[in-house]
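Text of protein23.json, listed as JSON, C-alpha atoms and all ligand atoms:
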```json
[["chain", "number", "residue", "atom", "x", "y", "z"],
["A", 1, "MET", "CA", 86.87, 69.40, 16.60],
["A", 2, "THR", "CA", 89.69, 71.78, 15.71],
["A", 3, "PRO", "CA", 88.73, 73.61, 12.51],
["A", 4, "GLY", "CA", 91.05, 72.84, 9.66],
["A", 5, "LEU", "CA", 91.58, 70.96, 6.45],
["A", 6, "TYR", "CA", 92.38, 67.28, 6.74],
["A", 7, "THR", "CA", 93.07, 64.42, 4.39],
["A", 8, "VAL", "CA", 92.47, 60.78, 5.21],
["A", 9, "THR", "CA", 95.51, 58.52, 5.66],
["A", 10, "ASP", "CA", 96.00, 54.76, 5.41],
["A", 11, "HIS", "CA", 96.51, 54.55, 9.17],
["A", 12, "VAL", "CA", 94.09, 53.68, 11.97],
["A", 13, "CYS", "CA", 93.99, 54.79, 15.59],
["A", 14, "ARG", "CA", 95.64, 52.34, 17.99],
["A", 15, "GLU", "CA", 93.02, 53.14, 20.66],
["A", 16, "CYS", "CA", 89.75, 52.94, 18.73],
["A", 17, "LEU", "CA", 90.76, 51.83, 15.20],
["A", 18, "GLY", "CA", 89.26, 54.95, 13.66],
["A", 19, "ARG", "CA", 90.90, 56.40, 10.54],
["A", 20, "ILE", "CA", 93.66, 58.89, 11.14],
["A", 21, "LEU", "CA", 93.37, 62.25, 9.41],
["A", 22, "GLU", "CA", 96.35, 64.41, 8.42],
["A", 23, "ARG", "CA", 96.13, 68.16, 8.74],
["A", 24, "VAL", "CA", 97.05, 69.78, 5.44],
["A", 25, "ASP", "CA", 96.41, 73.49, 6.00],
["A", 26, "ASN", "CA", 98.97, 73.97, 8.75],
["A", 27, "PRO", "CA", 102.71, 74.07, 8.03],
["A", 28, "ALA", "CA", 103.27, 72.35, 11.37],
["A", 29, "GLY", "CA", 101.15, 69.43, 10.17],
["A", 30, "GLY", "CA", 99.54, 67.15, 12.68],
["A", 31, "TYR", "CA", 97.29, 64.12, 12.81],
["A", 32, "ARG", "CA", 93.88, 63.49, 14.33],
["A", 33, "CYS", "CA", 91.72, 60.41, 14.85],
["A", 34, "SER", "CA", 88.43, 60.84, 13.00],
["A", 35, "ASN", "CA", 86.65, 58.79, 15.64],
["A", 36, "CYS", "CA", 87.94, 59.52, 19.15],
["A", 37, "GLY", "CA", 89.67, 62.82, 18.47],
["A", 38, "ALA", "CA", 93.12, 61.84, 19.69],
["A", 39, "SER", "CA", 95.62, 64.17, 18.06],
["A", 40, "THR", "CA", 99.33, 64.84, 17.74],
["A", 41, "VAL", "CA", 101.65, 67.29, 16.05],
["A", 42, "GLY", "CA", 104.29, 64.57, 15.88],
["A", 43, "ALA", "CA", 104.60, 61.52, 13.67],
["A", 44, "VAL", "CA", 101.52, 59.51, 12.68],
["A", 45, "GLU", "CA", 103.09, 56.51, 14.42],
["A", 46, "SER", "CA", 102.46, 58.22, 17.75],
["A", 47, "LEU", "CA", 98.71, 57.73, 17.17],
["A", 48, "CYS", "CA", 98.30, 54.77, 14.82],
["A", 49, "ALA", "CA", 98.73, 51.03, 15.17],
["A", 50, "CYS", "CA", 102.18, 51.14, 13.52],
["A", 51, "GLY", "CA", 103.53, 52.69, 16.67],
["A", 52, "MET", "CA", 102.26, 50.16, 19.19],
["A", 53, "ARG", "CA", 105.06, 49.27, 21.59],
["A", 54, "ILE", "CA", 105.44, 47.16, 24.71],
["A", 55, "ASP", "CA", 108.01, 49.59, 25.99],
["A", 56, "ALA", "CA", 110.08, 52.37, 24.49],
["A", 57, "ASN", "CA", 111.91, 50.08, 22.08],
["A", 58, "ALA", "CA", 110.03, 46.87, 21.38],
["A", 59, "ASP", "CA", 108.23, 47.18, 18.03],
["A", 60, "LEU", "CA", 105.29, 44.78, 18.14],
["A", 61, "GLY", "CA", 105.26, 44.60, 14.35],
["A", 62, "PHE", "CA", 101.74, 45.90, 13.80],
["A", 63, "ARG", "CA", 101.28, 47.94, 10.66],
["A", 64, "CYS", "CA", 98.34, 49.77, 9.16],
["A", 65, "GLU", "CA", 97.76, 48.54, 5.60],
["A", 66, "PRO", "CA", 95.12, 48.89, 2.93],
["A", 67, "ASN", "CA", 92.67, 45.98, 3.11],
["A", 68, "PRO", "CA", 93.81, 43.68, 0.25],
["A", 69, "LYS", "CA", 90.31, 42.21, -0.16],
["A", 70, "GLN", "CA", 87.32, 44.30, 0.81],
["A", 71, "THR", "CA", 84.12, 42.29, 1.17],
["A", 72, "PHE", "CA", 80.57, 43.02, 2.31],
["A", 73, "GLU", "CA", 81.35, 41.41, 5.67],
["A", 74, "PHE", "CA", 84.78, 43.04, 5.94],
["A", 75, "PRO", "CA", 84.47, 46.36, 4.12],
["A", 76, "HIS", "CA", 87.18, 48.24, 5.99],
["A", 77, "GLU", "CA", 89.60, 50.17, 3.80],
["A", 78, "VAL", "CA", 92.48, 49.90, 6.26],
["A", 79, "VAL", "CA", 93.37, 46.92, 8.45],
["A", 80, "VAL", "CA", 96.09, 46.24, 11.00],
["A", 81, "ARG", "CA", 98.46, 43.38, 10.25],
["A", 82, "ARG", "CA", 101.26, 42.03, 12.32],
["A", 83, "ARG", "CA", 104.58, 41.56, 10.60],
["A", 84, "GLN", "CA", 106.79, 38.87, 12.06],
["A", 85, "ALA", "CA", 110.48, 38.65, 11.30],
["A", 86, "GLU", "CA", 110.36, 34.90, 10.76],
["A", 87, "ASP", "CA", 107.16, 35.06, 8.72],
["A", 88, "THR", "CA", 108.24, 34.83, 5.10],
["A", 89, "GLN", "CA", 104.65, 35.44, 4.02],
["A", 90, "GLY", "CA", 105.22, 38.97, 5.21],
["A", 91, "ALA", "CA", 102.07, 39.51, 7.20],
["A", 92, "GLN", "CA", 99.43, 37.73, 9.22],
["A", 93, "GLN", "CA", 95.98, 39.24, 9.18],
["A", 94, "LEU", "CA", 94.27, 39.78, 12.49],
["A", 95, "ALA", "CA", 90.64, 38.93, 12.97],
["A", 96, "ILE", "CA", 89.81, 42.37, 14.30],
["A", 97, "PRO", "CA", 87.14, 44.38, 12.54],
["A", 98, "LEU", "CA", 88.61, 47.78, 11.79],
["A", 99, "ARG", "CA", 87.01, 50.94, 10.58],
["B", 1, "ZN", "ZN", 90.78, 57.01, 17.92],
["B", 2, "ZN", "ZN", 99.89, 53.24, 10.97]]
```

I need this file expressed as structure tokens, please.
Amino acid sequence: MTPGLYTVTDHVCRECLGRILERVDNPAGGYRCSNCGASTVGAVESLCACGMRIDANADLGFRCEPNPKQTFEFPHEVVVRRRQAEDTQGAQQLAIPLR
């Protein structure tokens, strides 16, 4: 792992659902997955579930969000929800266990 100071974000890796860390000791910034090690010096959306796309333009509507109800069976701090334009409830929770 690249030495450095990181803070935890409310985003999870789109590949492995590990928490994304933000580098705080480098003016250039950068993000790194705490689980698989994927990293970027660009926007967090280039690593996390918010940035999942079918192609260059189609936003699938997935967003990383704090888990609104942590339980013993579902203790994850951050979950991925899919926002749908026609969904007035705002979000539909996915049955995917996330870290
Ligand atoms: Zn990862
Ligand atoms: Zn995200």

Worksheet item: Got a sec to check which residues lie within 7 Å of ligand ZN 1 (chain B), using only C-alpha atoms and all ligand atoms, and send them as a list in words?
Response: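 For ligand ZN 1 (chain B), the residues inside 7 Å are Cys13, Arg14, Glu15, Cys16, Leu17, Gly18, Cys33, Ser34, Asn35, Cys36, Gly37 and Ala38 of chain A.
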
Requested write-out: C-alpha atoms of the selected residues, as a PDB file, keeping the file's coordinate frame:
```pdb
ATOM      1  CA  CYS A  13      93.990  54.790  15.590  1.00  0.00           C
ATOM      2  CA  ARG A  14      95.640  52.340  17.990  1.00  0.00           C
ATOM      3  CA  GLU A  15      93.020  53.140  20.660  1.00  0.00           C
ATOM      4  CA  CYS A  16      89.750  52.940  18.730  1.00  0.00           C
ATOM      5  CA  LEU A  17      90.760  51.830  15.200  1.00  0.00           C
ATOM      6  CA  GLY A  18      89.260  54.950  13.660  1.00  0.00           C
ATOM      7  CA  CYS A  33      91.720  60.410  14.850  1.00  0.00           C
ATOM      8  CA  SER A  34      88.430  60.840  13.000  1.00  0.00           C
ATOM      9  CA  ASN A  35      86.650  58.790  15.640  1.00  0.00           C
ATOM     10  CA  CYS A  36      87.940  59.520  19.150  1.00  0.00           C
ATOM     11  CA  GLY A  37      89.670  62.820  18.470  1.00  0.00           C
ATOM     12  CA  ALA A  38      93.120  61.840  19.690  1.00  0.00           C
TER      13      ALA A  38
END
```

Worksheet entry | Contacts of ligand ZN 2 (chain B), 6 Å or closer, all atoms listed in the file, given as number ranges by chain | A: 11-12, 45, 48-50, 63-64

Discussion item. Applying 9 Å and only C-alpha atoms, which residues near A:Asp10 remain after dropping the ones on its own chain fewer than 5 positions away? List them as a list in words.
Written reply: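 Within the cut-off, the hits are Arg19, Ile20, Leu21, Cys64, Glu65, Pro66, Glu77, Val78 and Val79 of chain A.
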
Fill in: atom CA of A:Ser39 to atom CA of A:Leu5, straight-line distance in Å
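That distance, rounded to one decimal, is 14.0 Å.
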
Discussion item. Report, in Å to a single decimal, how far apart atom CA of A:Ala58 and atom CA of A:Arg23 are.
Written reply: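 Taking atom CA of A:Arg23 as the start and atom CA of A:Ala58 as the end point, the length is 28.4 Å.
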
Item to complete: Report the distance between atom CA of A:Leu60 and atom CA of A:Arg83 in Å, rounded to one decimal place.
Response: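 Calculated distance between atom CA of A:Leu60 and atom CA of A:Arg83 is 8.2 Å.
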